[in-house]
$ cat query-v8.json   # JSON, C-alpha atoms
[["chain", "number", "residue", "atom", "x", "y", "z"],
["A", 1, "MET", "CA", -1.45, -20.60, 7.34],
["A", 2, "GLU", "CA", -4.87, -22.01, 6.46],
["A", 3, "SER", "CA", -5.38, -19.37, 3.76],
["A", 4, "GLU", "CA", -2.24, -20.41, 1.87],
["A", 5, "PRO", "CA", -2.91, -22.34, -1.34],
["A", 6, "TYR", "CA", -2.20, -26.04, -1.54],
["A", 7, "ASP", "CA", 0.83, -27.17, -3.47],
["A", 8, "LEU", "CA", -1.34, -29.92, -4.97],
["A", 9, "ILE", "CA", -5.03, -30.73, -5.10],
["A", 10, "ALA", "CA", -5.72, -34.09, -6.73],
["A", 11, "MET", "CA", -9.19, -35.27, -7.71],
["A", 12, "GLY", "CA", -10.67, -38.68, -8.41],
["A", 13, "ARG", "CA", -10.33, -42.33, -7.62],
["A", 14, "LEU", "CA", -10.00, -43.54, -4.02],
["A", 15, "GLY", "CA", -10.39, -47.08, -2.70],
["A", 16, "VAL", "CA", -8.87, -49.94, -0.78],
["A", 17, "ASP", "CA", -6.10, -51.98, -2.38],
["A", 18, "LEU", "CA", -5.97, -55.62, -1.26],
["A", 19, "TYR", "CA", -2.61, -57.01, -2.30],
["A", 20, "PRO", "CA", -1.71, -60.69, -1.94],
["A", 21, "LEU", "CA", 1.07, -61.53, 0.45],
["A", 22, "GLN", "CA", 2.03, -64.40, -1.86],
["A", 23, "SER", "CA", 3.70, -63.70, -5.17],
["A", 24, "GLY", "CA", 3.50, -65.79, -8.31],
["A", 25, "VAL", "CA", 0.13, -67.42, -7.62],
["A", 26, "GLY", "CA", -3.41, -66.58, -8.74],
["A", 27, "LEU", "CA", -6.06, -65.14, -6.46],
["A", 28, "ASP", "CA", -7.75, -68.53, -6.29],
["A", 29, "ARG", "CA", -4.74, -69.75, -4.30],
["A", 30, "VAL", "CA", -3.91, -66.65, -2.25],
["A", 31, "GLU", "CA", -4.71, -66.97, 1.45],
["A", 32, "THR", "CA", -3.59, -63.65, 2.97],
["A", 33, "PHE", "CA", -3.74, -60.04, 1.83],
["A", 34, "GLY", "CA", -2.39, -56.66, 2.89],
["A", 35, "LYS", "CA", -4.80, -53.71, 3.03],
["A", 36, "PHE", "CA", -3.65, -50.32, 1.71],
["A", 37, "LEU", "CA", -5.01, -46.97, 0.62],
["A", 38, "GLY", "CA", -5.33, -46.97, -3.18],
["A", 39, "GLY", "CA", -6.55, -45.01, -6.17],
["A", 40, "SER", "CA", -4.16, -43.23, -8.52],
["A", 41, "PRO", "CA", -4.86, -39.56, -7.62],
["A", 42, "ALA", "CA", -4.92, -40.44, -3.92],
["A", 43, "ASN", "CA", -1.51, -42.09, -4.28],
["A", 44, "VAL", "CA", -0.15, -39.08, -6.18],
["A", 45, "ALA", "CA", -1.26, -36.82, -3.32],
["A", 46, "VAL", "CA", 0.43, -39.15, -0.81],
["A", 47, "ALA", "CA", 3.62, -39.23, -2.91],
["A", 48, "ALA", "CA", 3.81, -35.44, -3.09],
["A", 49, "ALA", "CA", 3.08, -35.12, 0.63],
["A", 50, "ARG", "CA", 5.94, -37.51, 1.38],
["A", 51, "LEU", "CA", 8.17, -35.03, -0.46],
["A", 52, "GLY", "CA", 7.05, -32.20, 1.80],
["A", 53, "ARG", "CA", 4.26, -30.75, -0.32],
["A", 54, "ARG", "CA", 0.95, -29.54, 1.14],
["A", 55, "THR", "CA", -1.66, -31.68, -0.57],
["A", 56, "ALA", "CA", -5.39, -32.40, -0.55],
["A", 57, "LEU", "CA", -7.71, -34.87, -2.26],
["A", 58, "VAL", "CA", -11.18, -34.38, -3.74],
["A", 59, "SER", "CA", -13.00, -37.71, -3.70],
["A", 60, "ARG", "CA", -15.75, -39.75, -2.04],
["A", 61, "THR", "CA", -16.07, -43.05, -0.19],
["A", 62, "GLY", "CA", -18.88, -45.23, 1.01],
["A", 63, "ALA", "CA", -20.34, -44.68, 4.49],
["A", 64, "ASP", "CA", -18.66, -47.83, 5.73],
["A", 65, "PRO", "CA", -15.59, -49.05, 7.65],
["A", 66, "PHE", "CA", -13.43, -49.04, 4.52],
["A", 67, "GLY", "CA", -14.26, -45.36, 4.03],
["A", 68, "THR", "CA", -13.27, -44.67, 7.63],
["A", 69, "PHE", "CA", -10.00, -46.51, 7.02],
["A", 70, "LEU", "CA", -9.22, -44.43, 3.93],
["A", 71, "ARG", "CA", -9.83, -41.09, 5.63],
["A", 72, "ARG", "CA", -7.67, -42.16, 8.55],
["A", 73, "GLU", "CA", -4.92, -43.21, 6.16],
["A", 74, "LEU", "CA", -5.06, -39.90, 4.29],
["A", 75, "LYS", "CA", -4.64, -37.99, 7.54],
["A", 76, "GLY", "CA", -1.75, -40.27, 8.51],
["A", 77, "PHE", "CA", -0.04, -39.46, 5.21],
["A", 78, "ASP", "CA", -0.61, -35.69, 5.76],
["A", 79, "VAL", "CA", -3.10, -35.42, 2.91],
["A", 80, "ASP", "CA", -6.01, -33.08, 3.70],
["A", 81, "ASP", "CA", -9.27, -35.04, 3.48],
["A", 82, "ARG", "CA", -11.71, -32.16, 3.93],
["A", 83, "TRP", "CA", -13.13, -32.76, 0.43],
["A", 84, "VAL", "CA", -13.42, -36.53, 0.86],
["A", 85, "THR", "CA", -17.09, -37.10, 1.67],
["A", 86, "GLU", "CA", -19.35, -40.10, 2.12],
["A", 87, "VAL", "CA", -21.94, -41.54, -0.25],
["A", 88, "ALA", "CA", -24.57, -43.47, 1.66],
["A", 89, "ASP", "CA", -25.81, -45.56, -1.27],
["A", 90, "HIS", "CA", -22.57, -47.07, -2.59],
["A", 91, "PRO", "CA", -19.83, -49.12, -0.91],
["A", 92, "THR", "CA", -16.20, -48.03, -0.84],
["A", 93, "PRO", "CA", -14.51, -49.79, -3.78],
["A", 94, "VAL", "CA", -11.85, -52.44, -3.34],
["A", 95, "THR", "CA", -9.23, -53.54, -5.84],
["A", 96, "PHE", "CA", -7.41, -56.87, -5.87],
["A", 97, "CYS", "CA", -4.27, -57.60, -7.83],
["A", 98, "GLU", "CA", -2.17, -60.61, -8.67],
["A", 99, "LEU", "CA", 1.62, -60.47, -8.46],
["A", 100, "PHE", "CA", 3.57, -62.03, -11.29],
["A", 101, "PRO", "CA", 6.77, -59.97, -11.36],
["A", 102, "PRO", "CA", 8.43, -58.41, -13.15],
["A", 103, "ASP", "CA", 5.73, -57.19, -15.51],
["A", 104, "ASP", "CA", 2.36, -58.88, -14.99],
["A", 105, "PHE", "CA", 0.04, -57.47, -12.33],
["A", 106, "PRO", "CA", -3.61, -58.13, -13.25],
["A", 107, "LEU", "CA", -6.13, -55.87, -11.53],
["A", 108, "TYR", "CA", -9.66, -56.72, -10.44],
["A", 109, "PHE", "CA", -11.82, -53.67, -9.66],
["A", 110, "TYR", "CA", -14.89, -54.06, -7.45],
["A", 111, "ARG", "CA", -16.75, -50.81, -8.07],
["A", 112, "ARG", "CA", -20.37, -51.97, -8.32],
["A", 113, "PRO", "CA", -23.08, -50.89, -8.46],
["A", 114, "ARG", "CA", -21.19, -47.60, -8.66],
["A", 115, "ALA", "CA", -18.01, -46.18, -7.18],
["A", 116, "PRO", "CA", -18.51, -43.26, -4.77],
["A", 117, "ASP", "CA", -15.62, -41.35, -6.39],
["A", 118, "LEU", "CA", -17.76, -41.06, -9.54],
["A", 119, "GLU", "CA", -20.40, -39.27, -7.47],
["A", 120, "ILE", "CA", -18.44, -36.01, -7.21],
["A", 121, "HIS", "CA", -20.92, -33.28, -8.15],
["A", 122, "PRO", "CA", -19.94, -29.94, -9.68],
["A", 123, "HIS", "CA", -21.79, -27.88, -7.06],
["A", 124, "GLU", "CA", -19.75, -29.54, -4.30],
["A", 125, "LEU", "CA", -16.39, -28.34, -5.64],
["A", 126, "ASP", "CA", -14.40, -25.65, -3.85],
["A", 127, "LEU", "CA", -13.42, -23.93, -7.08],
["A", 128, "ASP", "CA", -11.61, -21.11, -5.27],
["A", 129, "ALA", "CA", -9.25, -23.61, -3.65],
["A", 130, "ILE", "CA", -8.81, -25.54, -6.90],
["A", 131, "ARG", "CA", -8.10, -22.32, -8.74],
["A", 132, "ALA", "CA", -5.55, -21.21, -6.14],
["A", 133, "ALA", "CA", -3.64, -24.50, -5.88],
["A", 134, "ARG", "CA", -0.15, -24.44, -7.33],
["A", 135, "VAL", "CA", -0.91, -27.75, -9.09],
["A", 136, "PHE", "CA", -4.23, -29.40, -9.86],
["A", 137, "TRP", "CA", -4.21, -33.08, -10.87],
["A", 138, "ALA", "CA", -7.18, -34.67, -12.67],
["A", 139, "THR", "CA", -7.49, -38.09, -14.30],
["A", 140, "GLY", "CA", -9.06, -39.70, -17.32],
["A", 141, "THR", "CA", -10.98, -42.07, -15.07],
["A", 142, "GLY", "CA", -12.84, -39.08, -13.68],
["A", 143, "LEU", "CA", -14.26, -38.53, -17.17],
["A", 144, "CYS", "CA", -15.82, -41.98, -17.55],
["A", 145, "ALA", "CA", -19.23, -41.25, -15.97],
["A", 146, "GLU", "CA", -21.49, -38.50, -14.68],
["A", 147, "PRO", "CA", -21.54, -36.51, -12.47],
["A", 148, "SER", "CA", -17.76, -36.94, -12.09],
["A", 149, "ARG", "CA", -17.24, -36.08, -15.78],
["A", 150, "THR", "CA", -18.88, -32.66, -15.54],
["A", 151, "ALA", "CA", -17.22, -31.98, -12.19],
["A", 152, "THR", "CA", -13.78, -32.85, -13.55],
["A", 153, "LEU", "CA", -14.23, -30.62, -16.60],
["A", 154, "GLU", "CA", -15.55, -27.75, -14.47],
["A", 155, "ALA", "CA", -12.56, -28.01, -12.17],
["A", 156, "LEU", "CA", -10.21, -27.99, -15.16],
["A", 157, "ARG", "CA", -11.96, -24.96, -16.67],
["A", 158, "ALA", "CA", -11.56, -23.13, -13.37],
["A", 159, "ARG", "CA", -7.81, -23.47, -13.80],
["A", 160, "ALA", "CA", -7.68, -21.16, -16.84],
["A", 161, "GLY", "CA", -4.40, -19.27, -16.86],
["A", 162, "ARG", "CA", -2.82, -21.37, -14.11],
["A", 163, "GLU", "CA", 0.66, -22.69, -14.81],
["A", 164, "VAL", "CA", 0.49, -26.34, -13.77],
["A", 165, "THR", "CA", -2.76, -28.19, -14.46],
["A", 166, "VAL", "CA", -2.14, -31.89, -15.00],
["A", 167, "LEU", "CA", -4.30, -34.38, -16.84],
["A", 168, "ASP", "CA", -3.17, -37.91, -16.03],
["A", 169, "LEU", "CA", -4.56, -39.82, -19.01],
["A", 170, "ASP", "CA", -5.13, -42.81, -16.68],
["A", 171, "TRP", "CA", -6.80, -45.04, -19.27],
["A", 172, "ARG", "CA", -8.68, -47.95, -17.66],
["A", 173, "PRO", "CA", -10.51, -49.86, -20.43],
["A", 174, "MET", "CA", -12.90, -51.55, -17.99],
["A", 175, "PHE", "CA", -14.44, -48.14, -17.22],
["A", 176, "TRP", "CA", -15.34, -47.34, -20.84],
["A", 177, "SER", "CA", -17.35, -49.02, -23.58],
["A", 178, "ASP", "CA", -14.51, -48.46, -26.08],
["A", 179, "PRO", "CA", -11.66, -45.98, -26.74],
["A", 180, "ALA", "CA", -13.73, -44.04, -29.28],
["A", 181, "ALA", "CA", -16.23, -43.19, -26.54],
["A", 182, "ALA", "CA", -13.46, -41.75, -24.40],
["A", 183, "ARG", "CA", -11.63, -39.60, -26.95],
["A", 184, "PRO", "CA", -14.04, -36.62, -27.09],
["A", 185, "PHE", "CA", -13.91, -36.26, -23.30],
["A", 186, "TYR", "CA", -10.15, -36.60, -23.24],
["A", 187, "ALA", "CA", -9.95, -33.92, -25.92],
["A", 188, "GLU", "CA", -12.13, -31.55, -23.91],
["A", 189, "ALA", "CA", -10.09, -32.12, -20.75],
["A", 190, "LEU", "CA", -6.81, -31.56, -22.60],
["A", 191, "ARG", "CA", -8.04, -28.13, -23.71],
["A", 192, "HIS", "CA", -7.76, -26.97, -20.12],
["A", 193, "ALA", "CA", -4.59, -28.81, -19.04],
["A", 194, "THR", "CA", -1.02, -27.54, -19.27],
["A", 195, "VAL", "CA", 0.65, -30.91, -18.59],
["A", 196, "ALA", "CA", -0.39, -34.31, -19.96],
["A", 197, "VAL", "CA", 1.01, -37.53, -18.47],
["A", 198, "GLY", "CA", 0.46, -41.02, -19.82],
["A", 199, "ASN", "CA", 1.99, -44.33, -20.77],
["A", 200, "LEU", "CA", 2.10, -45.57, -24.36],
["A", 201, "ASP", "CA", -1.34, -47.21, -24.23],
["A", 202, "GLU", "CA", -2.90, -44.09, -22.74],
["A", 203, "CYS", "CA", -1.26, -41.78, -25.26],
["A", 204, "GLU", "CA", -2.49, -43.97, -28.08],
["A", 205, "VAL", "CA", -6.06, -43.67, -26.80],
["A", 206, "ALA", "CA", -5.75, -39.88, -26.58],
["A", 207, "THR", "CA", -3.88, -39.24, -29.83],
["A", 208, "GLY", "CA", -3.94, -42.36, -32.00],
["A", 209, "GLU", "CA", -0.11, -42.37, -31.89],
["A", 210, "ARG", "CA", 2.03, -44.99, -30.17],
["A", 211, "ASP", "CA", 5.54, -43.87, -31.04],
["A", 212, "PRO", "CA", 6.65, -41.81, -28.00],
["A", 213, "TYR", "CA", 7.84, -38.73, -29.91],
["A", 214, "ALA", "CA", 4.87, -38.81, -32.25],
["A", 215, "ALA", "CA", 2.48, -39.11, -29.31],
["A", 216, "ALA", "CA", 4.12, -36.24, -27.43],
["A", 217, "ARG", "CA", 4.08, -34.04, -30.52],
["A", 218, "ALA", "CA", 0.45, -34.94, -31.18],
["A", 219, "LEU", "CA", -0.56, -33.98, -27.66],
["A", 220, "LEU", "CA", 1.20, -30.62, -27.93],
["A", 221, "ALA", "CA", 0.03, -29.85, -31.47],
["A", 222, "SER", "CA", -3.59, -30.95, -31.30],
["A", 223, "ASP", "CA", -6.48, -28.53, -31.04],
["A", 224, "SER", "CA", -7.55, -30.34, -27.89],
["A", 225, "GLY", "CA", -4.13, -29.74, -26.34],
["A", 226, "ARG", "CA", -3.91, -26.09, -27.28],
["A", 227, "GLY", "CA", -2.94, -25.07, -23.73],
["A", 228, "LEU", "CA", -0.44, -27.86, -23.16],
["A", 229, "ARG", "CA", 3.08, -26.83, -22.29],
["A", 230, "LEU", "CA", 4.46, -30.27, -21.45],
["A", 231, "ALA", "CA", 3.76, -33.84, -22.61],
["A", 232, "VAL", "CA", 5.21, -36.69, -20.54],
["A", 233, "VAL", "CA", 5.22, -40.16, -22.11],
["A", 234, "LYS", "CA", 6.09, -43.09, -19.85],
["A", 235, "GLN", "CA", 7.57, -46.07, -21.71],
["A", 236, "GLY", "CA", 8.11, -48.66, -18.99],
["A", 237, "PRO", "CA", 11.45, -50.38, -19.67],
["A", 238, "GLY", "CA", 12.06, -47.74, -22.35],
["A", 239, "GLY", "CA", 12.26, -44.96, -19.78],
["A", 240, "VAL", "CA", 10.36, -41.70, -20.01],
["A", 241, "LEU", "CA", 10.19, -38.85, -22.52],
["A", 242, "ALA", "CA", 9.15, -35.27, -21.82],
["A", 243, "LEU", "CA", 8.60, -32.76, -24.61],
["A", 244, "ALA", "CA", 7.79, -29.11, -23.92],
["A", 245, "ALA", "CA", 5.94, -26.71, -26.18],
["A", 246, "ASP", "CA", 9.07, -24.54, -26.44],
["A", 247, "GLY", "CA", 10.96, -27.46, -27.96],
["A", 248, "THR", "CA", 12.83, -28.46, -24.81],
["A", 249, "SER", "CA", 12.95, -32.20, -24.34],
["A", 250, "ALA", "CA", 14.45, -34.83, -22.08],
["A", 251, "GLN", "CA", 14.54, -38.61, -22.20],
["A", 252, "VAL", "CA", 15.93, -40.72, -19.38],
["A", 253, "PRO", "CA", 16.23, -44.48, -18.94],
["A", 254, "PRO", "CA", 14.52, -46.34, -16.12],
["A", 255, "LEU", "CA", 16.37, -46.95, -12.87],
["A", 256, "PRO", "CA", 17.08, -50.69, -12.44],
["A", 257, "VAL", "CA", 15.07, -52.39, -9.70],
["A", 258, "GLU", "CA", 14.05, -55.87, -8.63],
["A", 259, "VAL", "CA", 10.31, -55.52, -9.24],
["A", 260, "VAL", "CA", 7.89, -56.71, -6.56],
["A", 261, "ASN", "CA", 4.73, -54.83, -7.58],
["A", 262, "GLY", "CA", 4.71, -52.41, -10.50],
["A", 263, "LEU", "CA", 1.28, -50.94, -9.86],
["A", 264, "GLY", "CA", 2.24, -47.92, -7.73],
["A", 265, "ALA", "CA", 5.27, -46.82, -9.71],
["A", 266, "GLY", "CA", 3.35, -44.41, -11.93],
["A", 267, "ASP", "CA", 1.76, -42.70, -8.93],
["A", 268, "ALA", "CA", 5.14, -42.28, -7.22],
["A", 269, "PHE", "CA", 6.39, -40.86, -10.52],
["A", 270, "GLY", "CA", 3.47, -38.41, -10.52],
["A", 271, "GLY", "CA", 4.11, -37.15, -7.00],
["A", 272, "ALA", "CA", 7.79, -36.63, -7.73],
["A", 273, "LEU", "CA", 6.92, -34.95, -11.05],
["A", 274, "VAL", "CA", 4.75, -32.46, -9.16],
["A", 275, "HIS", "CA", 7.53, -31.84, -6.65],
["A", 276, "GLY", "CA", 10.15, -31.29, -9.35],
["A", 277, "LEU", "CA", 7.97, -28.93, -11.38],
["A", 278, "LEU", "CA", 7.20, -26.86, -8.28],
["A", 279, "ALA", "CA", 10.89, -26.80, -7.39],
["A", 280, "GLY", "CA", 11.69, -25.33, -10.80],
["A", 281, "TRP", "CA", 14.13, -28.08, -11.78],
["A", 282, "ASP", "CA", 15.13, -28.64, -15.38],
["A", 283, "LEU", "CA", 13.32, -31.42, -17.23],
["A", 284, "ASP", "CA", 16.15, -33.92, -17.03],
["A", 285, "THR", "CA", 16.41, -33.54, -13.23],
["A", 286, "VAL", "CA", 12.64, -33.77, -12.82],
["A", 287, "LEU", "CA", 12.45, -36.99, -14.84],
["A", 288, "ARG", "CA", 15.39, -38.63, -13.11],
["A", 289, "HIS", "CA", 13.89, -38.00, -9.68],
["A", 290, "ALA", "CA", 10.44, -39.12, -10.81],
["A", 291, "ASN", "CA", 11.88, -42.29, -12.38],
["A", 292, "ALA", "CA", 13.75, -43.06, -9.18],
["A", 293, "ALA", "CA", 10.60, -42.60, -7.08],
["A", 294, "GLY", "CA", 8.73, -44.97, -9.36],
["A", 295, "ALA", "CA", 11.50, -47.57, -9.22],
["A", 296, "ILE", "CA", 11.57, -47.52, -5.42],
["A", 297, "VAL", "CA", 7.85, -48.22, -5.20],
["A", 298, "ALA", "CA", 8.05, -50.93, -7.88],
["A", 299, "GLY", "CA", 10.49, -52.71, -5.58],
["A", 300, "ARG", "CA", 7.96, -52.86, -2.73],
["A", 301, "LEU", "CA", 4.60, -54.52, -2.21],
["A", 302, "ALA", "CA", 2.56, -51.49, -1.16],
["A", 303, "CYS", "CA", 1.82, -48.33, -3.10],
["A", 304, "SER", "CA", 0.74, -45.53, -0.76],
["A", 305, "SER", "CA", 2.83, -46.52, 2.26],
["A", 306, "ALA", "CA", 5.86, -47.19, 0.02],
["A", 307, "MET", "CA", 6.11, -43.65, -1.36],
["A", 308, "PRO", "CA", 9.69, -42.41, -0.88],
["A", 309, "ASP", "CA", 10.98, -39.21, 0.63],
["A", 310, "LEU", "CA", 13.67, -37.08, -1.01],
["A", 311, "THR", "CA", 16.47, -38.76, 0.94],
["A", 312, "GLN", "CA", 15.47, -42.16, -0.44],
["A", 313, "ILE", "CA", 15.20, -40.81, -3.99],
["A", 314, "THR", "CA", 18.65, -39.23, -3.68],
["A", 315, "GLN", "CA", 20.02, -42.54, -2.35],
["A", 316, "ALA", "CA", 18.53, -44.46, -5.27],
["A", 317, "LEU", "CA", 20.03, -42.05, -7.79],
["A", 318, "ALA", "CA", 23.42, -42.24, -6.06],
["A", 319, "THR", "CA", 23.46, -46.05, -6.03],
["A", 320, "GLY", "CA", 21.90, -46.45, -9.47],
["A", 321, "SER", "CA", 19.22, -48.81, -8.14],
["A", 322, "GLY", "CA", 15.63, -48.49, -7.01],
["A", 323, "THR", "CA", 15.99, -51.48, -4.68],
["A", 324, "LEU", "CA", 16.26, -49.94, -1.21],
["A", 325, "PRO", "CA", 15.42, -51.07, 2.30],
["A", 326, "GLU", "CA", 11.81, -50.27, 3.30],
["A", 327, "LYS", "CA", 13.21, -47.47, 5.48],
["A", 328, "GLY", "CA", 16.04, -45.98, 3.50]]

$ encode --input "query-v8.json" --output "structure tokens"
Amino acid sequence: MESEPYDLIAMGRLGVDLYPLQSGVGLDRVETFGKFLGGSPANVAVAAARLGRRTALVSRTGADPFGTFLRRELKGFDVDDRWVTEVADHPTPVTFCELFPPDDFPLYFYRRPRAPDLEIHPHELDLDAIRAARVFWATGTGLCAEPSRTATLEALRARAGREVTVLDLDWRPMFWSDPAAARPFYAEALRHATVAVGNLDECEVATGERDPYAAARALLASDSGRGLRLAVVKQGPGGVLALAADGTSAQVPPLPVEVVNGLGAGDAFGGALVHGLLAGWDLDTVLRHANAAGAIVAGRLACSSAMPDLTQITQALATGSGTLPEKG
């Protein structure tokens, strides 16, 4: 029914990913590209939808053909785009990457003069829907400029008392003058989140700690994280650690995979994390499924269109490898 709350509402970055169809060469030598829906929160919404969750995205695009493409893609992925609106004055952003597997994927963001997804205004938010959603997912990038910063914080404040409110630390240094400028806004956002998710670099920006356990403990113990119930620290080849406020913890190794493009793995992880938390699984099961989802996407070129369903995740866990056929 239309009045039922969403399983997930994600908010923030949305754009077009242009990925080279040649691996191991710089952009100056690439001749052909694939075009995909991109943006971390958009990909998380797609990933959760692929797992059967009812999802929606709050974002903005330019009033241009790329914006039309993105809204069509969202609908095709069963992500509700009712809160994805156009900004007449700014073009839809595009992002290029270079592919140097297994661990080097430079990104080039074209978000000038200003990205439409930073033009989300507080008065445009459907706070009733955000409040009612079973999970709300916000990102650190949404804090980097106004009016998105105020809108992101207002949405997080509206979630007071809700069980699963996620702040993806999502540190992108090119969007900030320096880490010190970001920390006060991260601290304010963490006051209203119940789950924090980040890799080692992102946790260091938020807490000053780089050791995984120290970073997780710092997130849970800090005044800024006073409402946090769960800290998730992604460690790349070191696996992932989750530490709960009640002392429960889990740490699982990564699932082996022949890496093609590592950029979408974290978003696949996020969508599967949402699914597992909503399913009420124990932490170890949640992390294993999320790790498997991330590994599957790392073994493929695309991000959004590569998001796995539960059958594929189960297959990866059973075989002990994230390398699956495109249609597993």

$ atom_distance --input "query-v8.json" --atom1 "atom CA of Arg288 of chain A" --atom2 "atom CA of Asp309 of chain A"
14.4 Å

$ closest_residue --input "query-v8.json" --among "A:Ala215, A:Ala10, A:Leu241, A:Leu255" --to "Ser40 of chain A" --atoms "only C-alpha atoms"
A:Ala10

$ atom_distance --input "query-v8.json" --atom1 "atom CA of Thr61 of chain A" --atom2 "atom CA of Gly15 of chain A"
7.4 Å

$ closest_residue --input "query-v8.json" --among "A:Val58, A:Ala45, A:Ala306, A:Ala181" --to "Asn261 of chain A" --atoms "only C-alpha atoms"
A:Ala306

$ closest_atom_pairs --input "query-v8.json" --of "segment 9-66 of chain A" --to "segment 99-111 of chain A" --cutoff "10 Å" --atoms "only C-alpha atoms" --output "tab-separated table"
residue	atom	partner	partner_atom	distance
A:Gly15	CA	A:Arg111	CA	9.1
A:Val16	CA	A:Tyr110	CA	9.9
A:Asp17	CA	A:Phe109	CA	9.4
A:Leu18	CA	A:Tyr108	CA	10.0
A:Tyr19	CA	A:Leu99	CA	8.2
A:Pro20	CA	A:Leu99	CA	7.3
A:Leu21	CA	A:Leu99	CA	9.0
A:Gln22	CA	A:Leu99	CA	7.7
A:Ser23	CA	A:Leu99	CA	5.1
A:Gly24	CA	A:Phe100	CA	4.8
A:Val25	CA	A:Leu99	CA	7.2
A:Gly26	CA	A:Leu99	CA	7.9
A:Leu27	CA	A:Leu99	CA	9.2

$ build_atoms --input "query-v8.json" --residues "segment 19-30 of chain A" --atoms "N, CA and C atoms" --output "PDB file, in the frame of the given file"
ATOM      1  N   TYR A  19      -3.710 -56.397  -1.578  1.00  0.00           N
ATOM      2  CA  TYR A  19      -2.610 -57.010  -2.300  1.00  0.00           C
ATOM      3  C   TYR A  19      -2.241 -58.350  -1.670  1.00  0.00           C
ATOM      4  N   PRO A  20      -2.051 -59.376  -2.478  1.00  0.00           N
ATOM      5  CA  PRO A  20      -1.710 -60.690  -1.940  1.00  0.00           C
ATOM      6  C   PRO A  20      -0.332 -60.684  -1.285  1.00  0.00           C
ATOM      7  N   LEU A  21      -0.217 -61.396  -0.216  1.00  0.00           N
ATOM      8  CA  LEU A  21       1.070 -61.530   0.450  1.00  0.00           C
ATOM      9  C   LEU A  21       1.859 -62.727  -0.082  1.00  0.00           C
ATOM     10  N   GLN A  22       1.308 -63.356  -1.129  1.00  0.00           N
ATOM     11  CA  GLN A  22       2.030 -64.400  -1.860  1.00  0.00           C
ATOM     12  C   GLN A  22       2.201 -63.937  -3.300  1.00  0.00           C
ATOM     13  N   SER A  23       3.391 -64.113  -3.809  1.00  0.00           N
ATOM     14  CA  SER A  23       3.700 -63.700  -5.170  1.00  0.00           C
ATOM     15  C   SER A  23       3.783 -64.924  -6.075  1.00  0.00           C
ATOM     16  N   GLY A  24       3.360 -64.734  -7.332  1.00  0.00           N
ATOM     17  CA  GLY A  24       3.500 -65.790  -8.310  1.00  0.00           C
ATOM     18  C   GLY A  24       2.387 -66.807  -8.326  1.00  0.00           C
ATOM     19  N   VAL A  25       1.286 -66.517  -7.608  1.00  0.00           N
ATOM     20  CA  VAL A  25       0.130 -67.420  -7.620  1.00  0.00           C
ATOM     21  C   VAL A  25      -1.129 -66.607  -7.878  1.00  0.00           C
ATOM     22  N   GLY A  26      -2.148 -67.246  -8.451  1.00  0.00           N
ATOM     23  CA  GLY A  26      -3.410 -66.580  -8.740  1.00  0.00           C
ATOM     24  C   GLY A  26      -4.230 -66.346  -7.488  1.00  0.00           C
ATOM     25  N   LEU A  27      -5.211 -65.467  -7.606  1.00  0.00           N
ATOM     26  CA  LEU A  27      -6.060 -65.140  -6.460  1.00  0.00           C
ATOM     27  C   LEU A  27      -6.802 -66.358  -5.917  1.00  0.00           C
ATOM     28  N   ASP A  28      -7.048 -67.331  -6.769  1.00  0.00           N
ATOM     29  CA  ASP A  28      -7.750 -68.530  -6.290  1.00  0.00           C
ATOM     30  C   ASP A  28      -6.914 -69.306  -5.282  1.00  0.00           C
ATOM     31  N   ARG A  29      -5.613 -69.026  -5.221  1.00  0.00           N
ATOM     32  CA  ARG A  29      -4.740 -69.750  -4.300  1.00  0.00           C
ATOM     33  C   ARG A  29      -4.182 -68.868  -3.183  1.00  0.00           C
ATOM     34  N   VAL A  30      -4.430 -67.557  -3.271  1.00  0.00           N
ATOM     35  CA  VAL A  30      -3.910 -66.650  -2.250  1.00  0.00           C
ATOM     36  C   VAL A  30      -4.724 -66.790  -0.970  1.00  0.00           C
TER      37      VAL A  30
END
